[in-house]
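Have a look at structure-v2.cif; it's mmCIF, C-alpha atoms and all ligand atoms:
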```
data_input
#
loop_
_atom_site.group_PDB
_atom_site.id
_atom_site.type_symbol
_atom_site.label_atom_id
_atom_site.label_comp_id
_atom_site.auth_asym_id
_atom_site.auth_seq_id
_atom_site.Cartn_x
_atom_site.Cartn_y
_atom_site.Cartn_z
ATOM 1 C CA LEU A 1 127.239 80.890 122.826
ATOM 2 C CA GLN A 2 123.663 82.031 122.768
ATOM 3 C CA PRO A 3 121.569 80.015 120.284
ATOM 4 C CA LYS A 4 120.996 83.033 118.067
ATOM 5 C CA SER A 5 124.660 83.752 117.591
ATOM 6 C CA LEU A 6 125.115 80.251 116.252
ATOM 7 C CA PHE A 7 123.149 81.315 113.221
ATOM 8 C CA SER A 8 124.908 84.561 112.558
ATOM 9 C CA GLY A 9 127.495 83.189 110.139
ATOM 10 C CA THR A 10 127.750 80.474 107.563
ATOM 11 C CA SER A 11 130.797 78.478 108.600
ATOM 12 C CA MET A 12 130.475 74.752 109.189
ATOM 13 C CA ILE A 13 131.744 74.998 112.735
ATOM 14 C CA GLN A 14 128.869 77.240 113.672
ATOM 15 C CA TYR A 15 126.343 74.758 112.392
ATOM 16 C CA LEU A 16 127.646 71.544 113.858
ATOM 17 C CA PRO A 17 126.396 72.201 117.395
ATOM 18 C CA LEU A 18 122.950 72.753 115.974
ATOM 19 C CA ILE A 19 122.887 69.538 114.039
ATOM 20 C CA HIS A 20 124.286 67.473 116.890
ATOM 21 C CA GLY A 21 122.897 69.327 119.863
ATOM 22 C CA HIS A 22 119.248 69.575 118.900
ATOM 23 C CA ARG A 23 118.150 66.107 117.986
ATOM 24 C CA ASP A 24 114.629 67.028 118.987
ATOM 25 C CA LEU A 25 114.505 69.069 115.793
ATOM 26 C CA LEU A 26 115.071 65.981 113.712
ATOM 27 C CA ASP A 27 111.872 64.028 114.158
ATOM 28 C CA THR A 28 109.378 66.431 112.645
ATOM 29 C CA HIS A 29 107.510 65.705 109.410
ATOM 30 C CA PHE A 30 105.393 68.554 108.141
ATOM 31 C CA LEU A 31 102.403 67.951 105.906
ATOM 32 C CA PRO A 32 103.105 68.518 102.216
ATOM 33 C CA CYS A 33 101.780 71.527 100.290
ATOM 34 C CA GLU A 34 99.249 71.041 97.521
ATOM 35 C CA PRO A 35 100.981 70.130 94.252
ATOM 36 C CA GLY A 36 101.502 72.831 91.616
ATOM 37 C CA LEU A 37 102.502 75.798 93.761
ATOM 38 C CA GLY A 38 103.371 78.258 90.973
ATOM 39 C CA LEU A 39 103.894 81.959 91.605
ATOM 40 C CA TYR A 40 104.320 82.829 95.294
ATOM 41 C CA PRO A 41 103.704 86.489 96.182
ATOM 42 C CA VAL A 42 105.095 87.699 99.528
ATOM 43 C CA VAL A 43 102.997 90.614 100.797
ATOM 44 C CA ASP A 44 102.626 92.729 103.931
ATOM 45 C CA ARG A 45 98.884 93.304 104.140
ATOM 46 C CA ALA A 46 95.704 91.247 103.803
ATOM 47 C CA GLU A 47 94.512 93.788 101.224
ATOM 48 C CA TRP A 48 96.969 92.281 98.733
ATOM 49 C CA LEU A 49 95.123 88.974 98.962
ATOM 50 C CA THR A 50 91.911 90.602 97.758
ATOM 51 C CA ARG A 51 93.818 91.868 94.716
ATOM 52 C CA LEU A 52 95.943 88.831 93.902
ATOM 53 C CA LEU A 53 93.911 85.759 94.822
ATOM 54 C CA PRO A 54 91.216 86.339 92.181
ATOM 55 C CA LEU A 55 94.010 85.973 89.585
ATOM 56 C CA GLY A 56 94.445 82.284 90.422
ATOM 57 C CA ILE A 57 97.389 82.411 92.832
ATOM 58 C CA ARG A 58 97.637 79.150 94.803
ATOM 59 C CA ILE A 59 100.163 80.084 97.495
ATOM 60 C CA ILE A 60 100.883 83.405 99.224
ATOM 61 C CA GLN A 61 102.853 84.614 102.237
ATOM 62 C CA LEU A 62 101.898 87.323 104.707
ATOM 63 C CA ARG A 63 105.146 88.927 105.908
ATOM 64 C CA ILE A 64 104.366 91.745 108.340
ATOM 65 C CA LYS A 65 107.223 93.713 109.867
ATOM 66 C CA ASP A 66 105.488 96.844 111.121
ATOM 67 C CA LEU A 67 102.468 95.789 113.191
ATOM 68 C CA SER A 68 102.017 94.316 116.643
ATOM 69 C CA GLY A 69 99.293 93.500 119.158
ATOM 70 C CA GLN A 70 95.698 93.740 118.051
ATOM 71 C CA ALA A 71 96.501 95.285 114.661
ATOM 72 C CA LEU A 72 98.772 92.347 113.798
ATOM 73 C CA ARG A 73 96.203 89.832 114.963
ATOM 74 C CA GLU A 74 93.461 91.491 112.906
ATOM 75 C CA GLU A 75 95.587 91.626 109.777
ATOM 76 C CA ILE A 76 96.468 87.935 110.037
ATOM 77 C CA THR A 77 92.843 86.994 110.779
ATOM 78 C CA ARG A 78 91.656 88.926 107.735
ATOM 79 C CA ALA A 79 94.249 87.298 105.494
ATOM 80 C CA ILE A 80 93.244 83.836 106.737
ATOM 81 C CA HIS A 81 89.597 84.516 105.940
ATOM 82 C CA ILE A 82 90.379 85.739 102.426
ATOM 83 C CA SER A 83 92.709 82.801 101.741
ATOM 84 C CA GLU A 84 90.030 80.369 102.900
ATOM 85 C CA ASP A 85 87.444 81.985 100.623
ATOM 86 C CA TYR A 86 89.747 81.272 97.682
ATOM 87 C CA GLY A 87 91.111 77.941 98.922
ATOM 88 C CA VAL A 88 94.648 79.353 98.789
ATOM 89 C CA GLN A 89 97.623 78.182 100.863
ATOM 90 C CA LEU A 90 98.516 81.103 103.159
ATOM 91 C CA PHE A 91 101.837 81.031 104.993
ATOM 92 C CA ILE A 92 102.370 83.431 107.902
ATOM 93 C CA ASN A 93 105.941 84.671 108.206
ATOM 94 C CA ASP A 94 107.430 84.495 111.724
ATOM 95 C CA TYR A 95 104.304 84.634 113.899
ATOM 96 C CA TRP A 96 103.934 80.916 114.399
ATOM 97 C CA GLN A 97 101.963 81.188 117.656
ATOM 98 C CA LEU A 98 99.364 83.447 116.073
ATOM 99 C CA ALA A 99 99.323 81.217 113.006
ATOM 100 C CA ILE A 100 98.447 78.217 115.172
ATOM 101 C CA GLU A 101 95.948 80.105 117.297
ATOM 102 C CA LEU A 102 94.187 81.696 114.346
ATOM 103 C CA GLY A 103 94.247 78.561 112.220
ATOM 104 C CA ALA A 104 96.477 79.546 109.306
ATOM 105 C CA TYR A 105 97.405 77.039 106.623
ATOM 106 C CA GLY A 106 101.128 77.345 107.232
ATOM 107 C CA VAL A 107 104.087 79.145 108.768
ATOM 108 C CA HIS A 108 107.248 80.381 107.086
ATOM 109 C CA LEU A 109 110.364 80.599 109.251
ATOM 110 C CA GLY A 110 113.921 81.740 108.735
ATOM 111 C CA GLN A 111 116.660 79.508 110.093
ATOM 112 C CA GLU A 112 117.325 81.874 112.963
ATOM 113 C CA ASP A 113 113.744 81.258 114.137
ATOM 114 C CA LEU A 114 113.966 77.472 114.097
ATOM 115 C CA LEU A 115 115.377 77.056 117.581
ATOM 116 C CA GLU A 116 112.976 79.493 119.176
ATOM 117 C CA ALA A 117 109.843 78.227 117.496
ATOM 118 C CA ASP A 118 108.080 75.155 118.859
ATOM 119 C CA LEU A 119 108.292 73.023 115.734
ATOM 120 C CA LYS A 120 106.454 70.141 117.342
ATOM 121 C CA ALA A 121 103.541 72.431 118.218
ATOM 122 C CA ILE A 122 103.392 73.675 114.615
ATOM 123 C CA GLU A 123 103.492 70.112 113.318
ATOM 124 C CA GLN A 124 100.905 68.821 115.787
ATOM 125 C CA ALA A 125 98.532 71.670 114.964
ATOM 126 C CA GLY A 126 98.634 70.427 111.354
ATOM 127 C CA LEU A 127 100.215 73.581 109.956
ATOM 128 C CA ARG A 128 102.605 73.381 107.040
ATOM 129 C CA LEU A 129 106.103 74.754 107.504
ATOM 130 C CA GLY A 130 108.259 76.497 104.912
ATOM 131 C CA VAL A 131 111.891 77.219 105.768
ATOM 132 C CA SER A 132 114.367 79.691 104.252
ATOM 133 C CA SER A 133 117.861 78.604 103.327
ATOM 134 C CA HIS A 134 120.805 80.523 101.917
ATOM 135 C CA CYS A 135 123.762 78.176 101.681
ATOM 136 C CA TYR A 136 124.788 74.517 101.776
ATOM 137 C CA PHE A 137 124.564 74.190 105.542
ATOM 138 C CA GLU A 138 121.226 75.880 105.826
ATOM 139 C CA VAL A 139 119.826 73.570 103.149
ATOM 140 C CA ALA A 140 121.251 70.561 105.008
ATOM 141 C CA ARG A 141 119.839 71.765 108.287
ATOM 142 C CA ALA A 142 116.408 72.574 106.866
ATOM 143 C CA LEU A 143 116.157 69.089 105.379
ATOM 144 C CA THR A 144 116.606 67.516 108.811
ATOM 145 C CA ILE A 145 113.228 68.863 109.938
ATOM 146 C CA ASN A 146 111.311 67.673 106.836
ATOM 147 C CA PRO A 147 109.615 70.976 105.947
ATOM 148 C CA SER A 148 106.638 71.347 103.607
ATOM 149 C CA TYR A 149 108.824 73.358 101.243
ATOM 150 C CA LEU A 150 112.358 74.671 101.152
ATOM 151 C CA ALA A 151 112.926 78.269 100.080
ATOM 152 C CA TYR A 152 116.352 79.011 98.596
ATOM 153 C CA GLY A 153 117.807 82.434 97.980
ATOM 154 C CA PRO A 154 118.665 85.083 97.317
ATOM 155 C CA ILE A 155 118.890 83.969 93.702
ATOM 156 C CA TYR A 156 119.755 87.507 92.556
ATOM 157 C CA HIS A 157 120.592 90.723 94.349
ATOM 158 C CA THR A 158 117.619 92.027 96.338
ATOM 159 C CA ASP A 159 116.919 95.352 98.009
ATOM 160 C CA SER A 160 113.905 93.983 99.874
ATOM 161 C CA LYS A 161 115.826 92.232 102.653
ATOM 162 C CA GLN A 162 119.269 92.809 104.129
ATOM 163 C CA MET A 163 121.234 89.584 104.296
ATOM 164 C CA PRO A 164 124.870 88.566 104.601
ATOM 165 C CA TRP A 165 124.547 86.103 101.708
ATOM 166 C CA GLN A 166 125.687 86.700 98.167
ATOM 167 C CA PRO A 167 123.262 85.937 95.357
ATOM 168 C CA GLN A 168 123.220 82.147 94.909
ATOM 169 C CA GLY A 169 122.510 82.179 91.181
ATOM 170 C CA LEU A 170 120.703 79.813 88.870
ATOM 171 C CA GLN A 171 123.403 77.157 88.817
ATOM 172 C CA GLN A 172 123.150 76.583 92.565
ATOM 173 C CA LEU A 173 119.379 76.594 92.356
ATOM 174 C CA SER A 174 119.464 73.941 89.599
ATOM 175 C CA PHE A 175 121.900 71.882 91.633
ATOM 176 C CA TRP A 176 119.604 71.812 94.653
ATOM 177 C CA LYS A 177 116.500 71.224 92.573
ATOM 178 C CA LYS A 178 118.135 68.186 90.938
ATOM 179 C CA ASN A 179 119.359 66.785 94.234
ATOM 180 C CA ILE A 180 116.302 67.336 96.393
ATOM 181 C CA GLN A 181 113.395 65.492 94.871
ATOM 182 C CA HIS A 182 111.146 64.944 97.852
ATOM 183 C CA ILE A 183 110.498 68.509 99.046
ATOM 184 C CA PRO A 184 109.190 71.340 96.854
ATOM 185 C CA MET A 185 111.723 74.106 96.263
ATOM 186 C CA VAL A 186 110.844 77.799 96.207
ATOM 187 C CA ALA A 187 113.235 80.296 94.590
ATOM 188 C CA ILE A 188 113.335 83.821 96.073
ATOM 189 C CA GLY A 189 115.349 87.027 95.890
ATOM 190 C CA GLY A 190 115.555 89.612 93.114
ATOM 191 C CA ILE A 191 113.207 87.718 90.806
ATOM 192 C CA LYS A 192 111.393 90.007 88.368
ATOM 193 C CA LEU A 193 109.261 89.476 85.293
ATOM 194 C CA GLU A 194 112.232 89.397 82.910
ATOM 195 C CA ARG A 195 113.908 86.661 84.983
ATOM 196 C CA ILE A 196 110.909 84.407 85.529
ATOM 197 C CA SER A 197 111.411 82.147 82.532
ATOM 198 C CA GLN A 198 115.086 81.454 83.268
ATOM 199 C CA VAL A 199 114.281 80.671 86.909
ATOM 200 C CA ALA A 200 111.372 78.439 85.857
ATOM 201 C CA LEU A 201 113.728 76.503 83.544
ATOM 202 C CA THR A 202 115.577 75.157 86.597
ATOM 203 C CA GLY A 203 112.415 73.142 87.308
ATOM 204 C CA VAL A 204 111.858 74.875 90.638
ATOM 205 C CA ASP A 205 108.390 74.258 92.079
ATOM 206 C CA SER A 206 107.575 77.826 92.988
ATOM 207 C CA ILE A 207 108.932 81.360 92.485
ATOM 208 C CA ALA A 208 108.490 83.922 95.257
ATOM 209 C CA MET A 209 108.837 87.678 95.108
ATOM 210 C CA ILE A 210 108.024 90.894 96.934
ATOM 211 C CA SER A 211 108.956 93.987 94.930
ATOM 212 C CA ALA A 212 108.218 92.648 91.426
ATOM 213 C CA ILE A 213 104.567 92.652 92.481
ATOM 214 C CA THR A 214 104.187 95.144 95.317
ATOM 215 C CA GLN A 215 106.189 97.899 93.625
ATOM 216 C CA ALA A 216 104.841 97.331 90.131
ATOM 217 C CA GLU A 217 102.818 100.048 88.438
ATOM 218 C CA ASP A 218 100.171 97.461 87.679
ATOM 219 C CA PRO A 219 100.578 94.611 90.199
ATOM 220 C CA GLU A 220 97.679 92.567 88.817
ATOM 221 C CA LEU A 221 98.990 92.724 85.260
ATOM 222 C CA VAL A 222 102.556 91.792 86.195
ATOM 223 C CA THR A 223 101.279 88.953 88.392
ATOM 224 C CA GLU A 224 99.187 87.515 85.580
ATOM 225 C CA THR A 225 102.065 87.865 83.135
ATOM 226 C CA MET A 226 104.486 86.121 85.495
ATOM 227 C CA MET A 227 101.979 83.305 86.111
ATOM 228 C CA LYS A 228 101.733 82.739 82.355
ATOM 229 C CA GLU A 229 105.536 82.853 81.933
ATOM 230 C CA MET A 230 105.904 80.187 84.601
ATOM 231 C CA GLU A 231 103.596 77.856 82.733
ATOM 232 C CA LEU A 232 105.512 78.088 79.415
HETATM 233 N N1 LIG B 301 113.900 86.324 101.656
HETATM 234 P P1 LIG B 301 112.314 90.665 96.253
HETATM 235 S S1 LIG B 301 115.149 87.214 99.655
HETATM 236 C C1 LIG B 301 112.079 87.958 102.034
HETATM 237 O O1 LIG B 301 116.774 84.774 100.258
HETATM 238 C C2 LIG B 301 113.254 87.463 101.287
HETATM 239 O O2 LIG B 301 115.591 84.188 101.975
HETATM 240 C C3 LIG B 301 114.945 86.073 100.872
HETATM 241 O O3 LIG B 301 112.162 90.267 97.784
HETATM 242 C C4 LIG B 301 115.845 84.935 101.042
HETATM 243 O O4 LIG B 301 111.454 89.762 95.486
HETATM 244 C C5 LIG B 301 113.826 88.080 100.192
HETATM 245 O O5 LIG B 301 111.788 92.092 96.226
HETATM 246 C C6 LIG B 301 113.358 89.334 99.553
HETATM 247 O O6 LIG B 301 113.763 90.584 95.897
HETATM 248 C C7 LIG B 301 112.615 89.059 98.295
#
```

Encoding of this model in structure tokens:
Amino acid sequence: LQPKSLFSGTSMIQYLPLIHGHRDLLDTHFLPCEPGLGLYPVVDRAEWLTRLLPLGIRIIQLRIKDLSGQALREEITRAIHISEDYGVQLFINDYWQLAIELGAYGVHLGQEDLLEADLKAIEQAGLRLGVSSHCYFEVARALTINPSYLAYGPIYHTDSKQMPWQPQGLQQLSFWKKNIQHIPMVAIGGIKLERISQVALTGVDSIAMISAITQAEDPELVTETMMKEMEL
């Protein structure tokens, strides 16, 4: 089996070799995030940071799927500068080498990236690490590397990312939130303004979204409204 194919399904048998065969993954401890994460926009351009950070956002993710080379590097550099101006925690999706080189606050990785990324290098560079998880075994596996936060999803149906996982729902989210006290939990997937308060009631530390903000008619207004809803 190639390492990547080990991640392609969700059965226990596929995960066991990872847990037992990669003990080097187990002794990482990533720095914690700042407390009080709140609303967590996931955006594809640095320009979004200039629009959203003045609203009081404390954590944001740059998730670029359509740039490479110099253009990618410039976009990440720009986002880092803006996030530093506002003192905001910026996580770079996927591009962990660039994140280290350019001095980002953190990296966000999917489980399929965990074996390929040099987790020790990320940890030693002092970057935070957020990890996605979509089922029991991915949660269990993510916990073994002591990430800065654990993202769990998709909570509802989402059109923003194709995934083999069914929506996990609020009950599962509450279950994990109750049982994992030591690492902040981020809910993601299909979360819109009208669902914010019910997601927040689970006690989750942060709520992440793409389309509710980036496809809104008035992204600033919906962001501010969702931030207020989260505080209620
Ligand atoms: N990751 P929207 S769901 C990027 O479950 C991403 O890991 C997910 O977009 C996960 O807010 C998702 O538009 C898409 O549904 C989130």

Quiz prompt | Expected answer as a ChimeraX atom specification: residues within 10 Å of ligand LIG 301 (chain B), all atoms listed in the file | solution = /A:40-43,61,63,93,109-111,131-135,151-168,186-192,207-215

Self-check item: Chain and number of each residue from the PyMOL selection byres (((chain A and resi 75) around 10) and not hetatm), as a PyMOL selection string
Solution: chain A and resi 44-47+62+64+67-68+70-74+76-80

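Note that the spacing between CA of Leu129 (chain A) and CA of Leu232 (chain A) amounts to 28.3 Å.
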
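Here CA of Pro54 (chain A) and CA of Tyr86 (chain A) stand 7.6 Å from one another.
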
Quiz prompt | A:Lys120, A:Pro32, A:Glu84, A:Leu39 ranked by distance to Glu229 (chain A), top pick (using only C-alpha atoms) | solution = A:Leu39

Mind checking which residues fall within 10 Å of Thr202 (chain A), counting only C-alpha atoms, ignoring those fewer than 5 positions away in the same chain, and posting them as a compact mmCIF listing (two decimals) with C-alpha atoms, in the frame of the given file?
```txt
# COMPACT_ATOMS: atom_id res chain seq x y z
CA LEU A 170 120.70 79.81 88.87
CA GLN A 171 123.40 77.16 88.82
CA GLN A 172 123.15 76.58 92.56
CA LEU A 173 119.38 76.59 92.36
CA SER A 174 119.46 73.94 89.60
CA PHE A 175 121.90 71.88 91.63
CA TRP A 176 119.60 71.81 94.65
CA LYS A 177 116.50 71.22 92.57
CA LYS A 178 118.14 68.19 90.94
CA ALA A 187 113.24 80.30 94.59
CA SER A 197 111.41 82.15 82.53
```
